[in-house]
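Working notes, beginning with the structure itself.
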Amino acid sequence: PNEVLALEGGINEQVTEKQLILDSDNINFDDETGDMIATGRPILNLPPQNIKVIADKMIYNEESNVLKGIGNVIVIKDGMVTKGDYLEVDMNEETVVMDNLDTLSTTMNLRAAKGIQKDGLLILHNGNFYSEESSIHRIQSRMIGPRFQNMLIDEADKSLFFGDPTGNKITIDIGSLYVEARKNHEVIKAKDIKVYRKDKFWFKWPSFTAYTNKDRDYFEANYPEFGTKRRLGMFIGPGFVFGGPGGSVIKAIPFLNYNHKFGFGGALKYLNTYNRTELGYGSANDLFFMKGIQRLDDNLFLQYAANTYMDEWFLGHRMPKYMAEVYFDKRYKNKDFLAPGMNLQFRHRAGFGIMEDNDRNFYGEKINSTGIATTRLRYMAELRQSFYSYVNEEKRIAFDLSMAMQGSAAVYGTGDTQFIARFGPRAHLQYKNWMQDIGYFIAGYSDETPVPRYDRYRYGHQSVYLTEAFRINKYLSVGWSGNINLSDDAPNGKMFQENRFLVAFGPDDLKITLGYDFVRQTTYFGFNVAFDSKGTTINYGKMEIKNPERLGKREK
């Protein structure tokens, strides 16, 4: 046979190939059935799989190649303990069956009347999972502007929708639950959902599908999308998420579109381990838009866009007619460079790409587009030194002071060049319910860009950037961020080159955030959710977990 059986206790043998090492004081052979019966709490080790099995009695039949564990079964794999009444392992079919299993991970307890594992699929029947440990889970939307969640808040001043998780006693009944652990993200599908709070029925939901990353800090699901985009106008429509090829996630969004007239359109969001792309079309303005980024290596990226604002680091978000660029981006940190707490940080970015100036101007500037496509080779760098840092969480006072130097140099396929250098102090401070980030830059630049509507420098020789956040009460916070040109030399002659307003409402563990960018005429919508899993129980009729060994683990 392929498997070699070694007996320890009364017998000690060297083990080769697929090892099964059995340690038992009492071992008997049944000549009629061919069963080997071990009693007295035998211990079975499977070193290649890093599994240990303990039971009151074990029966192994060499002909059928089936192992049974009977009574007070304990399975230990990778440090995780699973208990049950009965275990059966068919080594030919590589199938594992366990009755009345109970397992404990680092944060969750899981129980099931019956569990079957075969071919990377774990099927559990009539069980539940719950947590006896406090574990905070946070899901945050990516927003531009003040980050309200960075504000220091007394626990007593917080308002919580979920409240004390132990007191809430939330119970979720799910008819069927499917979890697929893919290489770098996971899929969760639930059907027939009923939610109870303090043993009283709360609400029900027919089905829910979500795609989340391994850190569980974002997800895509079947929820509607709405907002505004420059040139596209307003849009609103339902969202449908499903799995794509190669473990990817695709969200389709048919929408109603308005930009001085009504129209229709649609968008697609595509996400896989290394790529994030959004593209769509709106008939109200006959506009195609696209934005995407592909990670080629840890610090090497490909980004591409059409009629969409792109992040140009400290030069702001800019909209080309189209562009594609490969760039290298890396950060370094020298902790306690000058003294304890005085860290030195360096970041640089080098990119080469092709782009065309937009056929419309969105900044109120009287600049004609060249209408040409050109290449751009650019290097950007920032050096930031921290000089002082103070935090008093009890009094909710914080202050951090640093100095930043930034530079950018670009040469275009036309032979034109752009050089920018600026430096100045930066500060972050909080006093009670008020938080502020402020910085001043004095700059020198020579700007001969051949795509001026896209990447002309707009902040001038002297500028101040501000980010303000104020917590009005437990349920309402407001914020604003902007960049003020102090030297009156902006191409459009305006003082404000950045101007965004945000409002966040709701309790601290369930905040909805709305924002509007007055310069880019773009609406932002996001939410922050934080909940404690302690005191929550999820009951299920059937749960399938595909690739359970990958749960919470990245491929790399």
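Each chain of the structure tokens is named A, B, ... in the order shown, its residues numbered from 1; ligands are numbered from 1 in display order.
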
Find the residues around range 388-393 of chain A up to 10 Å (only C-alpha atoms counted), leave out those fewer than 5 positions away in its own chain, and share them as a PyMOL selection string. chain A and resi 152-154+339-343+398-402+427-432

Deliver the residues from the most recent selection as a file, using C-alpha atoms, as a PDB file, in the first residue's frame.
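The resulting file, result28.pdb, is shown below:
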ATOM      1  CA  LEU A 152      -9.634  61.176  19.508  1.00  0.00           C
ATOM      2  CA  ILE A 153     -12.988  60.512  21.228  1.00  0.00           C
ATOM      3  CA  ASP A 154     -13.814  59.527  24.806  1.00  0.00           C
ATOM      4  CA  ALA A 339      15.657  62.065  18.338  1.00  0.00           C
ATOM      5  CA  PRO A 340      13.009  59.747  19.793  1.00  0.00           C
ATOM      6  CA  GLY A 341       9.741  60.477  18.007  1.00  0.00           C
ATOM      7  CA  MET A 342      11.442  62.557  15.281  1.00  0.00           C
ATOM      8  CA  ASN A 343      11.047  60.280  12.271  1.00  0.00           C
ATOM      9  CA  ALA A 398      -2.842  66.128  19.937  1.00  0.00           C
ATOM     10  CA  PHE A 399      -0.151  68.077  18.073  1.00  0.00           C
ATOM     11  CA  ASP A 400       2.397  67.069  15.454  1.00  0.00           C
ATOM     12  CA  LEU A 401       4.818  69.382  13.642  1.00  0.00           C
ATOM     13  CA  SER A 402       6.946  68.482  10.627  1.00  0.00           C
ATOM     14  CA  ALA A 427       1.026  70.536  11.408  1.00  0.00           C
ATOM     15  CA  HIS A 428      -1.694  68.254  12.694  1.00  0.00           C
ATOM     16  CA  LEU A 429      -3.602  69.261  15.809  1.00  0.00           C
ATOM     17  CA  GLN A 430      -6.716  68.364  17.752  1.00  0.00           C
ATOM     18  CA  TYR A 431      -8.347  70.153  20.642  1.00  0.00           C
ATOM     19  CA  LYS A 432     -11.477  68.486  22.002  1.00  0.00           C
TER      20      LYS A 432
END

As a PDB file with N, CA and C atoms, in the first residue's frame, please: all residues of range 309-471 of chain A that backbone DSSP puts in helix (DSSP H, G or I).
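Okay, states_2.pdb is ready:
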ATOM      1  N   TRP A 313      -0.602  62.664  -6.992  1.00  0.00           N
ATOM      2  CA  TRP A 313       0.072  62.822  -5.714  1.00  0.00           C
ATOM      3  C   TRP A 313      -0.097  64.256  -5.210  1.00  0.00           C
ATOM      4  N   PHE A 314       1.014  64.965  -4.887  1.00  0.00           N
ATOM      5  CA  PHE A 314       0.863  66.294  -4.275  1.00  0.00           C
ATOM      6  C   PHE A 314       0.498  67.371  -5.293  1.00  0.00           C
ATOM      7  N   LEU A 315       0.343  67.005  -6.558  1.00  0.00           N
ATOM      8  CA  LEU A 315      -0.101  67.972  -7.559  1.00  0.00           C
ATOM      9  C   LEU A 315      -1.612  67.910  -7.776  1.00  0.00           C
ATOM     10  N   PRO A 452      -1.468  71.557 -20.841  1.00  0.00           N
ATOM     11  CA  PRO A 452      -1.724  72.443 -19.702  1.00  0.00           C
ATOM     12  C   PRO A 452      -3.068  72.212 -19.017  1.00  0.00           C
ATOM     13  N   ARG A 453      -4.075  71.812 -19.756  1.00  0.00           N
ATOM     14  CA  ARG A 453      -5.360  71.576 -19.101  1.00  0.00           C
ATOM     15  C   ARG A 453      -5.290  70.368 -18.162  1.00  0.00           C
ATOM     16  N   TYR A 454      -4.352  69.484 -18.442  1.00  0.00           N
ATOM     17  CA  TYR A 454      -4.212  68.282 -17.617  1.00  0.00           C
ATOM     18  C   TYR A 454      -3.292  68.500 -16.425  1.00  0.00           C
ATOM     19  N   ASP A 455      -2.037  68.877 -16.641  1.00  0.00           N
ATOM     20  CA  ASP A 455      -1.094  68.828 -15.516  1.00  0.00           C
ATOM     21  C   ASP A 455      -0.344  70.136 -15.248  1.00  0.00           C
TER      22      ASP A 455
END

Find the residues near Tyr304 in chain A: any atom within 8 Å, counting only C-alpha atoms, skip ones fewer than 2 places away on the same chain, and give them as a list in words.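 With the cut-off at 8 Å, the set is Met290, Lys291, Gly292, Ile293, Leu302, Ala306, Tyr322, Met323, Ala324 and Glu325 of chain A.
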
If we count only C-alpha atoms and set the cut-off at 7 Å, which residues sit around Met36 in chain A, ignoring sequence neighbours fewer than 6 positions away in its own chain? Please answer as a list in words. Ile27, Asn28, Phe29, Asp30, Ile59, Tyr60 and Asn61 of chain A

Atoms to include: C-alpha atoms. Write the selected residues as an mmCIF file, in the first residue's frame.
data_model
loop_
_atom_site.group_PDB
_atom_site.id
_atom_site.type_symbol
_atom_site.label_atom_id
_atom_site.label_comp_id
_atom_site.auth_asym_id
_atom_site.auth_seq_id
_atom_site.Cartn_x
_atom_site.Cartn_y
_atom_site.Cartn_z
ATOM 1 C CA ILE A 27 -3.837 -2.490 20.046
ATOM 2 C CA ASN A 28 -5.836 -5.502 18.858
ATOM 3 C CA PHE A 29 -6.335 -7.057 15.414
ATOM 4 C CA ASP A 30 -9.613 -8.567 14.246
ATOM 5 C CA ILE A 59 -10.408 1.641 14.230
ATOM 6 C CA TYR A 60 -8.327 1.350 11.070
ATOM 7 C CA ASN A 61 -9.070 -1.027 8.193
#

Near range 438-448 of chain A, counting only C-alpha atoms, which residues have an atom at most 6 Å away, once you skip same-chain residues fewer than 5 positions from it, shown as a list in words? Asp416, Thr417, Gln418, Phe419, Ile420, Ala421, Arg422, Phe423, Gly424, Pro425, Arg426, Ala427, His461, Gln462, Ser463, Val464, Tyr465 and Leu466 of chain A
